[in-house]
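What follows is the content of final_26.cif, which has mmCIF, C-alpha atoms:
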data_coords
#
loop_
_atom_site.group_PDB
_atom_site.id
_atom_site.type_symbol
_atom_site.label_atom_id
_atom_site.label_comp_id
_atom_site.auth_asym_id
_atom_site.auth_seq_id
_atom_site.Cartn_x
_atom_site.Cartn_y
_atom_site.Cartn_z
ATOM 1 C CA MET Z 187 3.732 12.001 -2.373
ATOM 2 C CA THR Z 188 6.724 9.864 -1.629
ATOM 3 C CA ASP Z 189 8.843 7.197 -3.284
ATOM 4 C CA LEU Z 190 7.511 3.671 -2.905
ATOM 5 C CA PRO Z 191 9.601 1.020 -1.109
ATOM 6 C CA LYS Z 192 10.663 -1.988 -3.167
ATOM 7 C CA GLN Z 193 8.646 -4.328 -0.898
ATOM 8 C CA ILE Z 194 5.371 -3.084 -2.398
ATOM 9 C CA ASP Z 195 4.010 -5.400 -5.099
ATOM 10 C CA ARG Z 196 3.882 -4.138 -8.687
ATOM 11 C CA LYS Z 197 0.067 -4.373 -8.886
ATOM 12 C CA VAL Z 198 -0.324 -2.360 -5.699
ATOM 13 C CA ARG Z 199 2.157 0.238 -7.003
ATOM 14 C CA ARG Z 200 -0.003 0.754 -10.099
ATOM 15 C CA GLU Z 201 -3.131 1.292 -7.999
ATOM 16 C CA ILE Z 202 -1.316 3.762 -5.755
ATOM 17 C CA ALA Z 203 -0.031 5.676 -8.778
ATOM 18 C CA ALA Z 204 -3.609 5.969 -10.096
ATOM 19 C CA LEU Z 205 -4.897 7.633 -6.897
ATOM 20 C CA THR Z 206 -6.092 11.191 -7.330
ATOM 21 C CA ARG Z 207 -6.112 12.083 -3.617
ATOM 22 C CA SER Z 208 -2.915 12.894 -1.733
ATOM 23 C CA TRP Z 209 -1.244 9.978 0.017
ATOM 24 C CA GLU Z 210 1.918 8.998 1.868
ATOM 25 C CA ILE Z 211 3.653 5.777 2.912
ATOM 26 C CA VAL Z 212 4.050 5.233 6.660
ATOM 27 C CA LYS Z 213 6.439 2.588 8.036
ATOM 28 C CA LYS Z 214 5.598 0.985 11.369
ATOM 29 C CA ARG Z 215 7.976 -1.720 12.571
ATOM 30 C CA ASP Z 216 8.055 -4.186 9.673
ATOM 31 C CA HIS Z 217 4.947 -3.110 7.739
ATOM 32 C CA TYR Z 218 4.253 -0.335 5.247
ATOM 33 C CA PHE Z 219 0.908 1.448 5.328
ATOM 34 C CA LEU Z 220 -0.707 3.774 2.825
ATOM 35 C CA LYS Z 221 -2.174 6.873 4.437
ATOM 36 C CA VAL Z 222 -4.807 8.549 2.243
ATOM 37 C CA GLU Z 223 -6.583 11.660 3.461
ATOM 38 C CA GLY Z 224 -9.968 10.805 4.914
ATOM 39 C CA SER Z 225 -9.427 7.016 4.953
ATOM 40 C CA PRO Z 226 -8.035 4.491 7.442
ATOM 41 C CA LEU Z 227 -4.503 3.133 6.970
ATOM 42 C CA ILE Z 228 -4.116 0.369 4.358
ATOM 43 C CA CYS Z 229 -1.355 -2.218 4.801
ATOM 44 C CA VAL Z 230 0.414 -2.442 1.422
ATOM 45 C CA ALA Z 231 3.603 -4.403 2.239
ATOM 46 C CA SER Z 232 5.766 -5.971 4.899
ATOM 47 C CA ASN Z 233 9.369 -7.021 5.336
ATOM 48 C CA ALA Z 234 8.389 -10.704 5.511
ATOM 49 C CA SER Z 235 10.715 -13.150 3.796
ATOM 50 C CA LYS Z 236 8.163 -14.105 1.141
ATOM 51 C CA ALA Z 237 5.292 -12.343 -0.566
ATOM 52 C CA ASN Z 238 1.774 -13.187 0.488
ATOM 53 C CA ASP Z 239 -0.928 -13.160 -2.212
ATOM 54 C CA TRP Z 240 -3.615 -12.635 0.408
ATOM 55 C CA GLN Z 241 -1.991 -9.409 1.554
ATOM 56 C CA VAL Z 242 -1.618 -8.136 -2.022
ATOM 57 C CA ASN Z 243 -5.220 -8.986 -2.915
ATOM 58 C CA LYS Z 244 -6.571 -7.367 0.261
ATOM 59 C CA ALA Z 245 -4.566 -4.198 -0.390
ATOM 60 C CA LEU Z 246 -5.848 -4.061 -3.990
ATOM 61 C CA GLU Z 247 -9.426 -4.553 -2.788
ATOM 62 C CA ARG Z 248 -9.136 -1.703 -0.303
ATOM 63 C CA LEU Z 249 -7.432 0.600 -2.816
ATOM 64 C CA LYS Z 250 -10.187 0.080 -5.378
ATOM 65 C CA LYS Z 251 -12.762 1.210 -2.804
ATOM 66 C CA LEU Z 252 -11.067 4.614 -2.590
#

I need this file expressed as structure tokens, please.
Amino acid sequence: MTDLPKQIDRKVRREIAALTRSWEIVKKRDHYFLKVEGSPLICVASNASKANDWQVNKALERLKKL
């Protein structure tokens, strides 16, 4: 497990912390993805100038399915 970048929303951080499976954060260009064993990558943050509620809600939705 790794430290979480500050770009990740607080709600998403809580969901990531609650995961029981091993995970890691992968940075590709200007986006951060959560890599959980046995699941596709989940986009959890970006370096965009302002936060996007859609992105946060979609990440939360996908995390809850794990």

message: Restricting the calculation to all atoms listed in the file: of Z:Cys229, Z:Leu249, Z:Ala234, Z:Val242, which residue gets closest to Ile211 (chain Z)?
response: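 Checking each of Z:Cys229, Z:Leu249, Z:Ala234, Z:Val242 against Ile211 (chain Z), counting all atoms listed in the file, the winner is Z:Cys229.
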
message: The residues within 10 Å of (6.2, -4.3, 11.2), using all atoms listed in the file and the coordinates of the file, should be reported as a VMD selection string; which are they?
response: chain Z and resid 213 to 219 231 to 234

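Among Z:Glu247, Z:Val222, Z:Asp239, Z:Val230, the residue with the shortest atom-to-atom distance to Arg199 (chain Z), counting all atoms listed in the file, is Z:Val230.
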
Quick one: 8 Å padding each side, axis-aligned, all listed atoms of region 194-209 of chain Z - centre and edge lengths in Å to one decimal, as lines of an AutoDock Vina configuration file?
center_x = -0.4
center_y = 3.7
center_z = -5.0
size_x = 27.5
size_y = 34.3
size_z = 26.1

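Between CA of Glu201 (chain Z) and CA of Gly224 (chain Z) lies a distance of 17.4 Å.
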
- request: Please identify all polymer residues within 10 Å of Arg207 (chain Z), counting all atoms listed in the file, omitting same-chain residues fewer than 3 positions from it, and present them as an MDAnalysis selection string.
  value: chainID Z and resid 187 202 204 222:224 252

task: Quick one: pull the distance between CA of Val212 (chain Z) and CA of Asn238 (chain Z), Å, one decimal.
output: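 Computing the Euclidean distance for CA of Val212 (chain Z) and CA of Asn238 (chain Z) yields 19.6 Å.
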
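Each of Z:Leu227, Z:Leu190, Z:Leu205, Z:Asp195 was checked against Lys250 (chain Z) using only C-alpha atoms; the smallest atom-to-atom distance is that of Z:Leu205.
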
field: Interatomic distance (Å, one decimal) between CA of Arg196 (chain Z) and CA of Lys244 (chain Z)
entry: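 For CA of Arg196 (chain Z) relative to CA of Lys244 (chain Z), the distance reads 14.1 Å.
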
Counting only C-alpha atoms, the residue of Z:Trp209, Z:Pro226, Z:Leu220, Z:Asn243 that sits nearest Lys197 (chain Z):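 Answer, going by the shortest atom-to-atom distance: Z:Asn243.
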
Some atoms are absent from region 195-226 of chain Z, so rebuild N, CA and C atoms and return them as a PDB file, in the coordinates of the input.
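Output contents, as saved in part32.pdb:
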ATOM      1  N   ASP Z 195       4.255  -4.635  -3.880  1.00  0.00           N
ATOM      2  CA  ASP Z 195       4.010  -5.400  -5.099  1.00  0.00           C
ATOM      3  C   ASP Z 195       3.712  -4.475  -6.285  1.00  0.00           C
ATOM      4  N   ARG Z 196       4.057  -4.928  -7.469  1.00  0.00           N
ATOM      5  CA  ARG Z 196       3.882  -4.138  -8.687  1.00  0.00           C
ATOM      6  C   ARG Z 196       2.421  -3.741  -8.927  1.00  0.00           C
ATOM      7  N   LYS Z 197       1.491  -4.662  -8.681  1.00  0.00           N
ATOM      8  CA  LYS Z 197       0.067  -4.373  -8.886  1.00  0.00           C
ATOM      9  C   LYS Z 197      -0.407  -3.274  -7.930  1.00  0.00           C
ATOM     10  N   VAL Z 198       0.056  -3.355  -6.705  1.00  0.00           N
ATOM     11  CA  VAL Z 198      -0.324  -2.360  -5.699  1.00  0.00           C
ATOM     12  C   VAL Z 198       0.280  -1.008  -6.061  1.00  0.00           C
ATOM     13  N   ARG Z 199       1.511  -1.008  -6.574  1.00  0.00           N
ATOM     14  CA  ARG Z 199       2.157   0.238  -7.003  1.00  0.00           C
ATOM     15  C   ARG Z 199       1.331   0.946  -8.069  1.00  0.00           C
ATOM     16  N   ARG Z 200       0.809   0.167  -9.023  1.00  0.00           N
ATOM     17  CA  ARG Z 200      -0.003   0.754 -10.099  1.00  0.00           C
ATOM     18  C   ARG Z 200      -1.265   1.407  -9.542  1.00  0.00           C
ATOM     19  N   GLU Z 201      -1.915   0.731  -8.599  1.00  0.00           N
ATOM     20  CA  GLU Z 201      -3.131   1.292  -7.999  1.00  0.00           C
ATOM     21  C   GLU Z 201      -2.825   2.565  -7.220  1.00  0.00           C
ATOM     22  N   ILE Z 202      -1.701   2.575  -6.518  1.00  0.00           N
ATOM     23  CA  ILE Z 202      -1.316   3.762  -5.755  1.00  0.00           C
ATOM     24  C   ILE Z 202      -1.035   4.921  -6.707  1.00  0.00           C
ATOM     25  N   ALA Z 203      -0.359   4.634  -7.805  1.00  0.00           N
ATOM     26  CA  ALA Z 203      -0.031   5.676  -8.778  1.00  0.00           C
ATOM     27  C   ALA Z 203      -1.291   6.282  -9.401  1.00  0.00           C
ATOM     28  N   ALA Z 204      -2.364   5.496  -9.481  1.00  0.00           N
ATOM     29  CA  ALA Z 204      -3.609   5.969 -10.096  1.00  0.00           C
ATOM     30  C   ALA Z 204      -4.470   6.798  -9.139  1.00  0.00           C
ATOM     31  N   LEU Z 205      -4.102   6.863  -7.871  1.00  0.00           N
ATOM     32  CA  LEU Z 205      -4.897   7.633  -6.897  1.00  0.00           C
ATOM     33  C   LEU Z 205      -4.869   9.124  -7.222  1.00  0.00           C
ATOM     34  N   THR Z 206      -6.007   9.761  -7.075  1.00  0.00           N
ATOM     35  CA  THR Z 206      -6.092  11.191  -7.330  1.00  0.00           C
ATOM     36  C   THR Z 206      -5.964  12.009  -6.043  1.00  0.00           C
ATOM     37  N   ARG Z 207      -6.242  11.394  -4.905  1.00  0.00           N
ATOM     38  CA  ARG Z 207      -6.112  12.083  -3.617  1.00  0.00           C
ATOM     39  C   ARG Z 207      -4.673  11.997  -3.129  1.00  0.00           C
ATOM     40  N   SER Z 208      -4.279  12.914  -2.256  1.00  0.00           N
ATOM     41  CA  SER Z 208      -2.915  12.894  -1.733  1.00  0.00           C
ATOM     42  C   SER Z 208      -2.732  11.710  -0.784  1.00  0.00           C
ATOM     43  N   TRP Z 209      -1.540  11.160  -0.780  1.00  0.00           N
ATOM     44  CA  TRP Z 209      -1.244   9.978   0.017  1.00  0.00           C
ATOM     45  C   TRP Z 209       0.204  10.036   0.473  1.00  0.00           C
ATOM     46  N   GLU Z 210       0.538   9.172   1.435  1.00  0.00           N
ATOM     47  CA  GLU Z 210       1.918   8.998   1.868  1.00  0.00           C
ATOM     48  C   GLU Z 210       2.092   7.594   2.417  1.00  0.00           C
ATOM     49  N   ILE Z 211       3.319   7.098   2.376  1.00  0.00           N
ATOM     50  CA  ILE Z 211       3.653   5.777   2.912  1.00  0.00           C
ATOM     51  C   ILE Z 211       4.189   5.967   4.326  1.00  0.00           C
ATOM     52  N   VAL Z 212       3.639   5.179   5.262  1.00  0.00           N
ATOM     53  CA  VAL Z 212       4.050   5.233   6.660  1.00  0.00           C
ATOM     54  C   VAL Z 212       4.621   3.864   7.023  1.00  0.00           C
ATOM     55  N   LYS Z 213       5.834   3.854   7.623  1.00  0.00           N
ATOM     56  CA  LYS Z 213       6.439   2.588   8.036  1.00  0.00           C
ATOM     57  C   LYS Z 213       6.283   2.445   9.539  1.00  0.00           C
ATOM     58  N   LYS Z 214       5.735   1.303   9.953  1.00  0.00           N
ATOM     59  CA  LYS Z 214       5.598   0.985  11.369  1.00  0.00           C
ATOM     60  C   LYS Z 214       6.170  -0.404  11.577  1.00  0.00           C
ATOM     61  N   ARG Z 215       7.232  -0.476  12.335  1.00  0.00           N
ATOM     62  CA  ARG Z 215       7.976  -1.720  12.571  1.00  0.00           C
ATOM     63  C   ARG Z 215       8.337  -2.385  11.248  1.00  0.00           C
ATOM     64  N   ASP Z 216       7.684  -3.485  10.906  1.00  0.00           N
ATOM     65  CA  ASP Z 216       8.055  -4.186   9.673  1.00  0.00           C
ATOM     66  C   ASP Z 216       6.952  -4.170   8.618  1.00  0.00           C
ATOM     67  N   HIS Z 217       6.026  -3.229   8.715  1.00  0.00           N
ATOM     68  CA  HIS Z 217       4.947  -3.110   7.739  1.00  0.00           C
ATOM     69  C   HIS Z 217       4.916  -1.703   7.142  1.00  0.00           C
ATOM     70  N   TYR Z 218       4.425  -1.613   5.924  1.00  0.00           N
ATOM     71  CA  TYR Z 218       4.253  -0.335   5.247  1.00  0.00           C
ATOM     72  C   TYR Z 218       2.765  -0.092   5.053  1.00  0.00           C
ATOM     73  N   PHE Z 219       2.320   1.092   5.422  1.00  0.00           N
ATOM     74  CA  PHE Z 219       0.908   1.448   5.328  1.00  0.00           C
ATOM     75  C   PHE Z 219       0.748   2.636   4.403  1.00  0.00           C
ATOM     76  N   LEU Z 220      -0.371   2.649   3.682  1.00  0.00           N
ATOM     77  CA  LEU Z 220      -0.707   3.774   2.825  1.00  0.00           C
ATOM     78  C   LEU Z 220      -1.681   4.653   3.591  1.00  0.00           C
ATOM     79  N   LYS Z 221      -1.326   5.911   3.732  1.00  0.00           N
ATOM     80  CA  LYS Z 221      -2.174   6.873   4.437  1.00  0.00           C
ATOM     81  C   LYS Z 221      -2.772   7.813   3.390  1.00  0.00           C
ATOM     82  N   VAL Z 222      -4.080   7.699   3.189  1.00  0.00           N
ATOM     83  CA  VAL Z 222      -4.807   8.549   2.243  1.00  0.00           C
ATOM     84  C   VAL Z 222      -5.721   9.448   3.052  1.00  0.00           C
ATOM     85  N   GLU Z 223      -5.767  10.712   2.692  1.00  0.00           N
ATOM     86  CA  GLU Z 223      -6.583  11.660   3.461  1.00  0.00           C
ATOM     87  C   GLU Z 223      -8.035  11.211   3.515  1.00  0.00           C
ATOM     88  N   GLY Z 224      -8.577  11.166   4.721  1.00  0.00           N
ATOM     89  CA  GLY Z 224      -9.968  10.805   4.914  1.00  0.00           C
ATOM     90  C   GLY Z 224     -10.258   9.316   4.925  1.00  0.00           C
ATOM     91  N   SER Z 225      -9.241   8.469   4.950  1.00  0.00           N
ATOM     92  CA  SER Z 225      -9.427   7.016   4.953  1.00  0.00           C
ATOM     93  C   SER Z 225      -8.530   6.377   6.008  1.00  0.00           C
ATOM     94  N   PRO Z 226      -8.907   5.185   6.494  1.00  0.00           N
ATOM     95  CA  PRO Z 226      -8.035   4.491   7.442  1.00  0.00           C
ATOM     96  C   PRO Z 226      -6.769   3.986   6.739  1.00  0.00           C
TER      97      PRO Z 226
END
